[in-house]
file data-v7.cif (mmCIF, C-alpha atoms)
data_final
#
loop_
_atom_site.group_PDB
_atom_site.id
_atom_site.type_symbol
_atom_site.label_atom_id
_atom_site.label_comp_id
_atom_site.auth_asym_id
_atom_site.auth_seq_id
_atom_site.Cartn_x
_atom_site.Cartn_y
_atom_site.Cartn_z
ATOM 1 C CA MET A 28 80.920 78.619 138.040
ATOM 2 C CA ARG A 29 78.799 80.244 135.338
ATOM 3 C CA VAL A 30 79.144 83.492 133.404
ATOM 4 C CA GLY A 31 76.291 84.777 131.231
ATOM 5 C CA VAL A 32 77.103 86.243 127.807
ATOM 6 C CA LYS A 33 74.691 87.739 125.286
ATOM 7 C CA THR A 34 74.396 86.695 121.663
ATOM 8 C CA ASN A 35 72.115 87.036 118.604
ATOM 9 C CA GLU A 36 71.770 90.802 118.531
ATOM 10 C CA PHE A 37 68.480 91.925 116.939
ATOM 11 C CA PHE A 38 67.363 88.276 116.747
ATOM 12 C CA GLY A 39 66.555 87.281 120.297
ATOM 13 C CA ASP A 40 69.393 88.845 122.294
ATOM 14 C CA GLN A 41 69.669 85.662 124.321
ATOM 15 C CA THR A 42 71.986 85.134 127.273
ATOM 16 C CA ILE A 43 73.885 81.862 127.241
ATOM 17 C CA GLN A 44 75.705 80.457 130.250
ATOM 18 C CA LEU A 45 79.378 79.527 129.998
ATOM 19 C CA GLU A 46 80.439 76.991 132.621
ATOM 20 C CA PHE A 47 83.902 76.931 134.219
ATOM 21 C CA PRO A 48 85.412 74.671 136.897
ATOM 22 C CA GLU A 49 84.666 75.888 140.408
ATOM 23 C CA LYS A 50 88.360 76.049 141.298
ATOM 24 C CA TRP A 51 89.159 78.511 138.515
ATOM 25 C CA GLU A 52 89.581 82.196 139.329
ATOM 26 C CA VAL A 53 87.411 83.999 136.780
ATOM 27 C CA ASP A 54 87.393 87.747 136.144
ATOM 28 C CA GLU A 55 84.602 89.214 134.040
ATOM 29 C CA VAL A 56 85.739 92.353 132.192
ATOM 30 C CA LYS A 57 83.121 94.765 130.879
ATOM 31 C CA MET A 58 83.476 98.049 129.027
ATOM 32 C CA VAL A 59 82.995 101.296 130.947
ATOM 33 C CA GLY A 60 79.625 101.964 129.332
ATOM 34 C CA HIS A 61 78.388 98.376 129.655
ATOM 35 C CA ALA A 62 75.307 99.311 131.676
ATOM 36 C CA ALA A 63 75.258 103.072 131.061
ATOM 37 C CA ARG A 64 71.800 104.617 131.414
ATOM 38 C CA PRO A 65 69.841 104.936 128.147
ATOM 39 C CA LEU A 66 68.956 108.440 126.975
ATOM 40 C CA THR A 67 65.474 109.687 127.759
ATOM 41 C CA ASP A 68 63.163 111.189 125.148
ATOM 42 C CA GLY A 69 63.954 114.604 126.585
ATOM 43 C CA GLU A 70 67.685 114.064 126.201
ATOM 44 C CA ILE A 71 67.261 112.973 122.586
ATOM 45 C CA LEU A 72 65.248 116.119 121.874
ATOM 46 C CA GLU A 73 67.899 118.212 123.615
ATOM 47 C CA ALA A 74 70.648 116.789 121.407
ATOM 48 C CA LEU A 75 68.617 117.397 118.248
ATOM 49 C CA SER A 76 67.758 120.920 119.382
ATOM 50 C CA HIS A 77 71.396 121.879 119.990
ATOM 51 C CA PRO A 78 73.454 120.505 117.085
ATOM 52 C CA ILE A 79 77.217 120.948 116.966
ATOM 53 C CA GLY A 80 78.310 123.180 114.096
ATOM 54 C CA THR A 81 75.064 123.178 112.086
ATOM 55 C CA LYS A 82 71.513 124.486 112.189
ATOM 56 C CA THR A 83 68.829 122.166 113.512
ATOM 57 C CA ILE A 84 67.273 119.639 111.146
ATOM 58 C CA GLY A 85 64.013 121.583 111.342
ATOM 59 C CA GLU A 86 65.688 124.846 110.357
ATOM 60 C CA MET A 87 67.459 123.212 107.432
ATOM 61 C CA ALA A 88 64.271 121.489 106.264
ATOM 62 C CA ARG A 89 62.090 124.591 106.232
ATOM 63 C CA GLY A 90 61.061 125.499 102.680
ATOM 64 C CA LYS A 91 62.472 122.345 101.070
ATOM 65 C CA THR A 92 60.287 120.973 98.271
ATOM 66 C CA GLY A 93 62.392 118.018 97.097
ATOM 67 C CA LYS A 94 63.374 114.712 98.667
ATOM 68 C CA ILE A 95 64.636 114.514 102.237
ATOM 69 C CA VAL A 96 66.924 111.465 102.356
ATOM 70 C CA ILE A 97 67.927 109.800 105.612
ATOM 71 C CA THR A 98 70.519 107.016 105.602
ATOM 72 C CA VAL A 99 70.797 104.281 108.224
ATOM 73 C CA ASP A 100 73.428 101.564 108.607
ATOM 74 C CA ASP A 101 72.521 97.867 108.468
ATOM 75 C CA LEU A 102 72.187 95.134 111.078
ATOM 76 C CA ALA A 103 75.957 94.521 111.015
ATOM 77 C CA ARG A 104 75.993 97.690 113.152
ATOM 78 C CA PRO A 105 74.065 97.759 116.443
ATOM 79 C CA THR A 106 72.986 101.396 115.898
ATOM 80 C CA PRO A 107 69.524 101.903 117.446
ATOM 81 C CA ALA A 108 68.226 104.016 114.550
ATOM 82 C CA TYR A 109 64.659 103.170 115.606
ATOM 83 C CA ARG A 110 65.256 105.247 118.732
ATOM 84 C CA VAL A 111 66.043 108.536 116.963
ATOM 85 C CA LEU A 112 64.134 108.351 113.662
ATOM 86 C CA PRO A 113 60.697 109.189 115.135
ATOM 87 C CA PHE A 114 62.124 112.417 116.566
ATOM 88 C CA ILE A 115 63.840 113.321 113.283
ATOM 89 C CA VAL A 116 60.670 112.650 111.293
ATOM 90 C CA LYS A 117 58.584 114.755 113.685
ATOM 91 C CA GLU A 118 61.022 117.636 113.331
ATOM 92 C CA LEU A 119 60.763 117.369 109.557
ATOM 93 C CA LYS A 120 56.973 117.262 109.659
ATOM 94 C CA ASP A 121 56.834 120.254 112.010
ATOM 95 C CA SER A 122 58.872 122.163 109.413
ATOM 96 C CA GLY A 123 56.340 121.501 106.665
ATOM 97 C CA ILE A 124 57.847 118.381 105.079
ATOM 98 C CA SER A 125 55.264 115.941 103.684
ATOM 99 C CA ASP A 126 55.381 112.179 104.103
ATOM 100 C CA ASN A 127 56.072 111.561 100.419
ATOM 101 C CA GLN A 128 59.183 113.740 100.551
ATOM 102 C CA ILE A 129 60.901 111.467 103.069
ATOM 103 C CA LEU A 130 63.055 108.602 101.792
ATOM 104 C CA ILE A 131 65.125 106.272 103.990
ATOM 105 C CA ILE A 132 68.096 104.490 102.414
ATOM 106 C CA GLY A 133 69.933 101.548 103.925
ATOM 107 C CA ALA A 134 73.600 102.576 103.574
ATOM 108 C CA VAL A 135 74.728 98.978 103.231
ATOM 109 C CA GLY A 136 77.855 99.544 101.105
ATOM 110 C CA THR A 137 78.753 96.086 99.771
ATOM 111 C CA HIS A 138 76.899 94.203 102.524
ATOM 112 C CA HIS A 139 73.840 92.156 101.603
ATOM 113 C CA PRO A 140 70.632 94.215 101.303
ATOM 114 C CA MET A 141 68.201 94.372 104.200
ATOM 115 C CA ASN A 142 64.828 92.678 103.880
ATOM 116 C CA LEU A 143 61.551 93.851 105.408
ATOM 117 C CA GLN A 144 62.289 92.234 108.767
ATOM 118 C CA ASP A 145 65.789 93.736 108.874
ATOM 119 C CA PHE A 146 64.459 97.217 108.159
ATOM 120 C CA SER A 147 61.754 96.772 110.777
ATOM 121 C CA LEU A 148 64.398 95.927 113.383
ATOM 122 C CA LYS A 149 66.646 98.794 112.301
ATOM 123 C CA VAL A 150 64.203 101.684 111.903
ATOM 124 C CA GLY A 151 61.022 100.397 113.597
ATOM 125 C CA PRO A 152 57.801 98.966 112.111
ATOM 126 C CA GLU A 153 55.989 102.325 112.271
ATOM 127 C CA ILE A 154 58.577 103.936 109.996
ATOM 128 C CA ILE A 155 58.533 101.247 107.308
ATOM 129 C CA ALA A 156 54.720 101.252 107.349
ATOM 130 C CA LYS A 157 54.614 104.947 106.473
ATOM 131 C CA TYR A 158 57.721 105.894 104.488
ATOM 132 C CA ASP A 159 59.658 104.644 101.477
ATOM 133 C CA VAL A 160 62.564 102.506 102.707
ATOM 134 C CA VAL A 161 65.075 101.120 100.186
ATOM 135 C CA ASN A 162 68.559 99.596 100.024
ATOM 136 C CA HIS A 163 71.550 101.206 98.351
ATOM 137 C CA ASN A 164 72.853 99.207 95.389
ATOM 138 C CA PRO A 165 76.644 99.485 94.858
ATOM 139 C CA PHE A 166 76.350 98.362 91.223
ATOM 140 C CA GLU A 167 73.934 100.878 89.673
ATOM 141 C CA HIS A 168 71.968 104.142 89.937
ATOM 142 C CA PHE A 169 74.742 106.692 90.553
ATOM 143 C CA GLU A 170 75.499 110.383 90.260
ATOM 144 C CA GLU A 171 79.123 111.146 89.366
ATOM 145 C CA LYS A 172 80.742 113.832 91.522
ATOM 146 C CA GLY A 173 84.285 113.934 90.166
ATOM 147 C CA ARG A 174 87.207 112.703 92.256
ATOM 148 C CA THR A 175 88.478 113.374 95.746
ATOM 149 C CA SER A 176 91.992 114.727 96.349
ATOM 150 C CA TYR A 177 93.015 111.086 96.858
ATOM 151 C CA GLY A 178 91.875 110.259 93.332
ATOM 152 C CA THR A 179 88.797 108.327 94.444
ATOM 153 C CA PRO A 180 86.086 108.413 91.739
ATOM 154 C CA LEU A 181 82.947 109.693 93.455
ATOM 155 C CA LYS A 182 79.987 107.708 92.153
ATOM 156 C CA ILE A 183 77.227 108.173 94.715
ATOM 157 C CA ASN A 184 73.701 106.815 95.089
ATOM 158 C CA TYR A 185 71.583 108.993 92.765
ATOM 159 C CA GLU A 186 68.728 109.599 95.208
ATOM 160 C CA PHE A 187 71.097 110.593 97.986
ATOM 161 C CA ALA A 188 73.279 112.815 95.802
ATOM 162 C CA ASN A 189 70.239 114.729 94.496
ATOM 163 C CA ALA A 190 68.327 115.080 97.769
ATOM 164 C CA ASP A 191 67.304 118.523 99.011
ATOM 165 C CA LEU A 192 68.392 117.573 102.517
ATOM 166 C CA LYS A 193 70.865 114.812 103.390
ATOM 167 C CA ILE A 194 70.703 113.343 106.897
ATOM 168 C CA VAL A 195 73.021 110.539 108.055
ATOM 169 C CA VAL A 196 72.050 108.387 111.050
ATOM 170 C CA CYS A 197 74.996 106.240 112.071
ATOM 171 C CA GLY A 198 76.608 104.358 114.917
ATOM 172 C CA VAL A 199 80.056 104.983 116.351
ATOM 173 C CA LYS A 200 82.352 102.118 117.278
ATOM 174 C CA LYS A 201 85.988 101.256 116.715
ATOM 175 C CA HIS A 202 87.100 100.389 113.196
ATOM 176 C CA ASN A 203 90.446 98.978 112.174
ATOM 177 C CA PHE A 204 91.113 101.297 109.240
ATOM 178 C CA GLY A 205 88.348 103.924 109.347
ATOM 179 C CA GLY A 206 89.377 104.749 112.916
ATOM 180 C CA ALA A 207 85.771 104.714 114.053
ATOM 181 C CA GLY A 208 82.381 104.167 112.483
ATOM 182 C CA GLY A 209 79.942 106.875 111.496
ATOM 183 C CA SER A 210 80.041 110.199 109.643
ATOM 184 C CA GLY A 211 81.818 109.941 106.250
ATOM 185 C CA LYS A 212 81.871 106.161 106.451
ATOM 186 C CA SER A 213 78.138 106.311 105.738
ATOM 187 C CA ILE A 214 79.056 107.719 102.305
ATOM 188 C CA ILE A 215 82.125 105.594 101.525
ATOM 189 C CA PRO A 216 81.276 102.731 101.569
ATOM 190 C CA GLY A 217 77.648 103.343 102.664
ATOM 191 C CA VAL A 218 76.077 104.835 99.517
ATOM 192 C CA SER A 219 78.953 104.591 97.033
ATOM 193 C CA SER A 220 79.575 102.508 93.929
ATOM 194 C CA ILE A 221 81.753 99.411 93.990
ATOM 195 C CA ASP A 222 84.427 101.396 92.098
ATOM 196 C CA THR A 223 84.449 104.137 94.724
ATOM 197 C CA ILE A 224 84.623 101.639 97.562
ATOM 198 C CA ALA A 225 87.386 99.615 95.920
ATOM 199 C CA TRP A 226 89.546 102.715 95.414
ATOM 200 C CA ASN A 227 89.140 103.857 99.016
ATOM 201 C CA HIS A 228 89.729 100.377 100.418
ATOM 202 C CA THR A 229 92.657 99.294 98.238
ATOM 203 C CA VAL A 230 94.327 102.083 96.234
ATOM 204 C CA ILE A 231 94.793 104.627 99.023
ATOM 205 C CA PRO A 232 97.700 103.648 101.347
ATOM 206 C CA HIS A 233 95.990 101.312 103.707
ATOM 207 C CA PRO A 234 96.859 100.121 107.228
ATOM 208 C CA LEU A 235 95.781 96.596 106.359
ATOM 209 C CA ASP A 236 98.628 96.475 103.813
ATOM 210 C CA ASP A 237 101.042 96.675 106.741
ATOM 211 C CA ASN A 238 100.608 94.012 109.399
ATOM 212 C CA THR A 239 102.154 96.334 111.994
ATOM 213 C CA ALA A 240 99.681 99.174 111.373
ATOM 214 C CA ASN A 241 96.392 99.655 113.185
ATOM 215 C CA TYR A 242 94.170 102.681 112.647
ATOM 216 C CA THR A 243 91.645 101.755 115.340
ATOM 217 C CA TRP A 244 90.419 105.029 116.935
ATOM 218 C CA LYS A 245 92.816 106.986 114.696
ATOM 219 C CA VAL A 246 90.570 109.671 113.213
ATOM 220 C CA LYS A 247 93.270 112.167 112.208
ATOM 221 C CA GLY A 248 96.309 111.386 110.089
ATOM 222 C CA ASN A 249 94.316 108.529 108.576
ATOM 223 C CA ASP A 250 94.154 108.655 104.757
ATOM 224 C CA PRO A 251 91.222 106.279 104.141
ATOM 225 C CA ARG A 252 89.148 108.137 106.774
ATOM 226 C CA ALA A 253 90.166 111.555 105.409
ATOM 227 C CA ASP A 254 88.983 110.392 101.990
ATOM 228 C CA MET A 255 85.626 109.350 103.481
ATOM 229 C CA GLN A 256 85.183 112.715 105.190
ATOM 230 C CA GLU A 257 86.134 114.633 102.052
ATOM 231 C CA ALA A 258 83.684 112.591 99.988
ATOM 232 C CA ALA A 259 80.864 113.269 102.441
ATOM 233 C CA ARG A 260 81.521 117.006 102.352
ATOM 234 C CA ARG A 261 81.809 117.028 98.563
ATOM 235 C CA VAL A 262 78.467 115.232 98.264
ATOM 236 C CA GLY A 263 76.880 117.771 100.612
ATOM 237 C CA VAL A 264 75.875 115.870 103.743
ATOM 238 C CA ASP A 265 73.884 118.371 105.804
ATOM 239 C CA VAL A 266 73.800 116.770 109.234
ATOM 240 C CA VAL A 267 75.113 113.653 110.935
ATOM 241 C CA VAL A 268 73.288 111.963 113.826
ATOM 242 C CA ASN A 269 75.969 109.983 115.675
ATOM 243 C CA CYS A 270 74.708 107.280 118.039
ATOM 244 C CA THR A 271 76.678 105.598 120.827
ATOM 245 C CA TYR A 272 75.268 102.497 122.506
ATOM 246 C CA ASN A 273 75.893 100.353 125.561
ATOM 247 C CA SER A 274 76.241 96.559 125.781
ATOM 248 C CA ASN A 275 72.456 96.151 125.469
ATOM 249 C CA ARG A 276 72.314 98.253 122.268
ATOM 250 C CA ASP A 277 70.620 101.056 124.221
ATOM 251 C CA LEU A 278 71.271 104.600 122.997
ATOM 252 C CA ILE A 279 73.539 106.290 125.578
ATOM 253 C CA GLY A 280 75.071 109.104 123.537
ATOM 254 C CA LEU A 281 73.798 111.339 120.730
ATOM 255 C CA HIS A 282 75.984 113.889 118.970
ATOM 256 C CA VAL A 283 74.203 115.733 116.169
ATOM 257 C CA GLY A 284 75.611 118.196 113.659
ATOM 258 C CA ASP A 285 78.662 118.758 111.488
ATOM 259 C CA LEU A 286 80.464 115.933 109.675
ATOM 260 C CA ASP A 287 83.653 116.543 111.623
ATOM 261 C CA ASP A 288 82.803 118.567 114.725
ATOM 262 C CA ALA A 289 79.894 116.447 115.964
ATOM 263 C CA TRP A 290 81.628 113.230 114.954
ATOM 264 C CA PHE A 291 84.833 114.063 116.837
ATOM 265 C CA GLU A 292 82.761 114.658 119.985
ATOM 266 C CA ALA A 293 80.962 111.365 119.426
ATOM 267 C CA VAL A 294 84.250 109.500 118.973
ATOM 268 C CA ARG A 295 85.658 110.978 122.200
ATOM 269 C CA PHE A 296 82.561 109.903 124.107
ATOM 270 C CA CYS A 297 82.464 106.455 122.494
ATOM 271 C CA TYR A 298 86.178 105.852 123.118
ATOM 272 C CA LYS A 299 85.537 106.378 126.818
ATOM 273 C CA MET A 300 82.337 104.327 126.987
ATOM 274 C CA HIS A 301 83.663 101.401 124.931
ATOM 275 C CA SER A 302 87.012 101.085 126.712
ATOM 276 C CA SER A 303 87.714 98.185 129.062
ATOM 277 C CA LYS A 304 90.251 97.908 131.869
ATOM 278 C CA PRO A 305 91.788 94.423 132.030
ATOM 279 C CA PRO A 306 92.473 92.747 135.370
ATOM 280 C CA MET A 307 95.953 93.159 136.890
ATOM 281 C CA ARG A 308 96.783 89.484 136.840
ATOM 282 C CA LYS A 309 97.750 87.629 133.689
ATOM 283 C CA ALA A 310 95.170 85.230 132.309
ATOM 284 C CA ASP A 311 95.830 81.658 131.208
ATOM 285 C CA VAL A 312 92.569 81.478 129.235
ATOM 286 C CA VAL A 313 90.695 84.371 127.610
ATOM 287 C CA VAL A 314 87.116 84.061 126.376
ATOM 288 C CA VAL A 315 85.944 86.973 124.213
ATOM 289 C CA ASN A 316 82.325 87.842 123.437
ATOM 290 C CA ALA A 317 81.877 90.214 120.476
ATOM 291 C CA TYR A 318 78.235 91.099 121.225
ATOM 292 C CA PRO A 319 76.773 93.443 120.091
ATOM 293 C CA ILE A 320 79.168 93.868 117.173
#

call {"tool": "encode", "arguments": {"input": "data-v7.cif", "output": "structure tokens"}}
result
Amino acid sequence: MRVGVKTNEFFGDQTIQLEFPEKWEVDEVKMVGHAARPLTDGEILEALSHPIGTKTIGEMARGKTGKIVITVDDLARPTPAYRVLPFIVKELKDSGISDNQILIIGAVGTHHPMNLQDFSLKVGPEIIAKYDVVNHNPFEHFEEKGRTSYGTPLKINYEFANADLKIVVCGVKKHNFGGAGGSGKSIIPGVSSIDTIAWNHTVIPHPLDDNTANYTWKVKGNDPRADMQEAARRVGVDVVVNCTYNSNRDLIGLHVGDLDDAWFEAVRFCYKMHSSKPPMRKADVVVVNAYPI
């Protein structure tokens, strides 16, 4: 008996075959949104045209003369940023924004920086051929923005903090202390200094300090997440583009708009799509595949 599982996201996406004895009873459990239909171009445009709690990106961009900064997460997140960036860029261009105003920052936090190939996989080769694409550095080049109500020193990427328009493209998935990915997490840790990240991850009462605590999917009553959201609002994030994906990394949900309002809708949708119903019978052996995380 064979069961195919995928591996090597972004670098081949191969399916490998796991072999089990023929006499074994094997149940294959998949999340609800495993094979959910990818969004069409029209559906992506619809989501961008009807943001939740904000004006459209085009309306906000009109008349801007400074930098328009767009952040994307790194390859540790399966977010298909390449699927939405062409539509965002077109909306900016239609609103009079020039190519040299657009800057894309890899919100890598303390992860290793992306190289040219990584960026090509994340945002698409057409984007990196035309626009400035750089990594955030958590050790230098900051703008200080005071402290949050949790005492976190806000030292934020200088280019992002001083942009005329701040757009965050992010993926939503479960997270063990941030509750879920996306939104304010793109600021802390995404484009913050090592000092800011360390305070949020260690000084604020943290679920990882208590082995019985788990903040997965907990987006309210969660101090580290509340600190992230406050930081993002203090820095002035204008719009968040929340992406939900299926088991093939296809974009199946897009919730655009306010830091909280659009993100909460994205989390609700993602919670449903990424949930799995286990079989009724108890298993003697469990094999877990983490793809595409």

call {"tool": "closest_residue", "arguments": {"input": "data-v7.cif", "among": "A:Lys120, A:Arg64, A:Arg29, A:Lys172", "to": "Asn275 of chain A", "atoms": "all atoms listed in the file"}}
result
A:Arg64

call {"tool": "closest_residue", "arguments": {"input": "data-v7.cif", "among": "A:Pro105, A:Gly90, A:Pro48, A:Gly217", "to": "Asp121 of chain A", "atoms": "all atoms listed in the file"}}
result
A:Gly90

call {"tool": "resolve_selection", "arguments": {"input": "data-v7.cif", "expression": "the PyMOL selection byres ((chain A and resi 244) around 8)", "output": "list in words"}}
result
Lys201, His202, Asn203, Gly205, Gly206, Ala207, Tyr242, Thr243, Lys245, Val246, Val294 and Tyr298 of chain A

call {"tool": "closest_residue", "arguments": {"input": "data-v7.cif", "among": "A:Asn164, A:Ser176, A:Asn189, A:Thr81", "to": "Val283 of chain A", "atoms": "all atoms listed in the file"}}
result
A:Thr81

call {"tool": "atom_distance", "arguments": {"input": "data-v7.cif", "atom1": "atom CA of Asp100 of chain A", "atom2": "atom CA of Asp250 of chain A"}}
result
22.2 Å

call {"tool": "resolve_selection", "arguments": {"input": "data-v7.cif", "expression": "the PyMOL selection byres ((chain A and resi 186) around 12)", "output": "compact mmCIF listing (two decimals) with C-alpha atoms, in the frame of the given file"}}
result
# COMPACT_ATOMS: atom_id res chain seq x y z
CA GLY A 93 62.39 118.02 97.10
CA LYS A 94 63.37 114.71 98.67
CA ILE A 95 64.64 114.51 102.24
CA VAL A 96 66.92 111.46 102.36
CA ILE A 97 67.93 109.80 105.61
CA THR A 98 70.52 107.02 105.60
CA GLN A 128 59.18 113.74 100.55
CA ILE A 129 60.90 111.47 103.07
CA LEU A 130 63.06 108.60 101.79
CA ILE A 131 65.12 106.27 103.99
CA ILE A 132 68.10 104.49 102.41
CA GLY A 133 69.93 101.55 103.92
CA ALA A 134 73.60 102.58 103.57
CA VAL A 161 65.08 101.12 100.19
CA ASN A 162 68.56 99.60 100.02
CA HIS A 163 71.55 101.21 98.35
CA ASN A 164 72.85 99.21 95.39
CA GLU A 167 73.93 100.88 89.67
CA HIS A 168 71.97 104.14 89.94
CA PHE A 169 74.74 106.69 90.55
CA GLU A 170 75.50 110.38 90.26
CA LYS A 182 79.99 107.71 92.15
CA ILE A 183 77.23 108.17 94.72
CA ASN A 184 73.70 106.82 95.09
CA TYR A 185 71.58 108.99 92.76
CA PHE A 187 71.10 110.59 97.99
CA ALA A 188 73.28 112.82 95.80
CA ASN A 189 70.24 114.73 94.50
CA ALA A 190 68.33 115.08 97.77
CA ASP A 191 67.30 118.52 99.01
CA LEU A 192 68.39 117.57 102.52
CA LYS A 193 70.86 114.81 103.39
CA VAL A 218 76.08 104.84 99.52
CA SER A 219 78.95 104.59 97.03
CA VAL A 262 78.47 115.23 98.26

call {"tool": "residues_around", "arguments": {"input": "data-v7.cif", "residues": "Val196 of chain A", "least_positions_apart": "3", "cutoff": "12 Å", "atoms": "all atoms listed in the file", "output": "PyMOL selection string"}}
result
chain A and resi 96-101+104+106-112+115+131-134+149-150+193+199+208-214+217+264-271+281-284+286+290

call {"tool": "closest_residue", "arguments": {"input": "data-v7.cif", "among": "A:Ala156, A:Ile215, A:Met58, A:Ile84", "to": "Leu72 of chain A", "atoms": "all atoms listed in the file"}}
result
A:Ile84
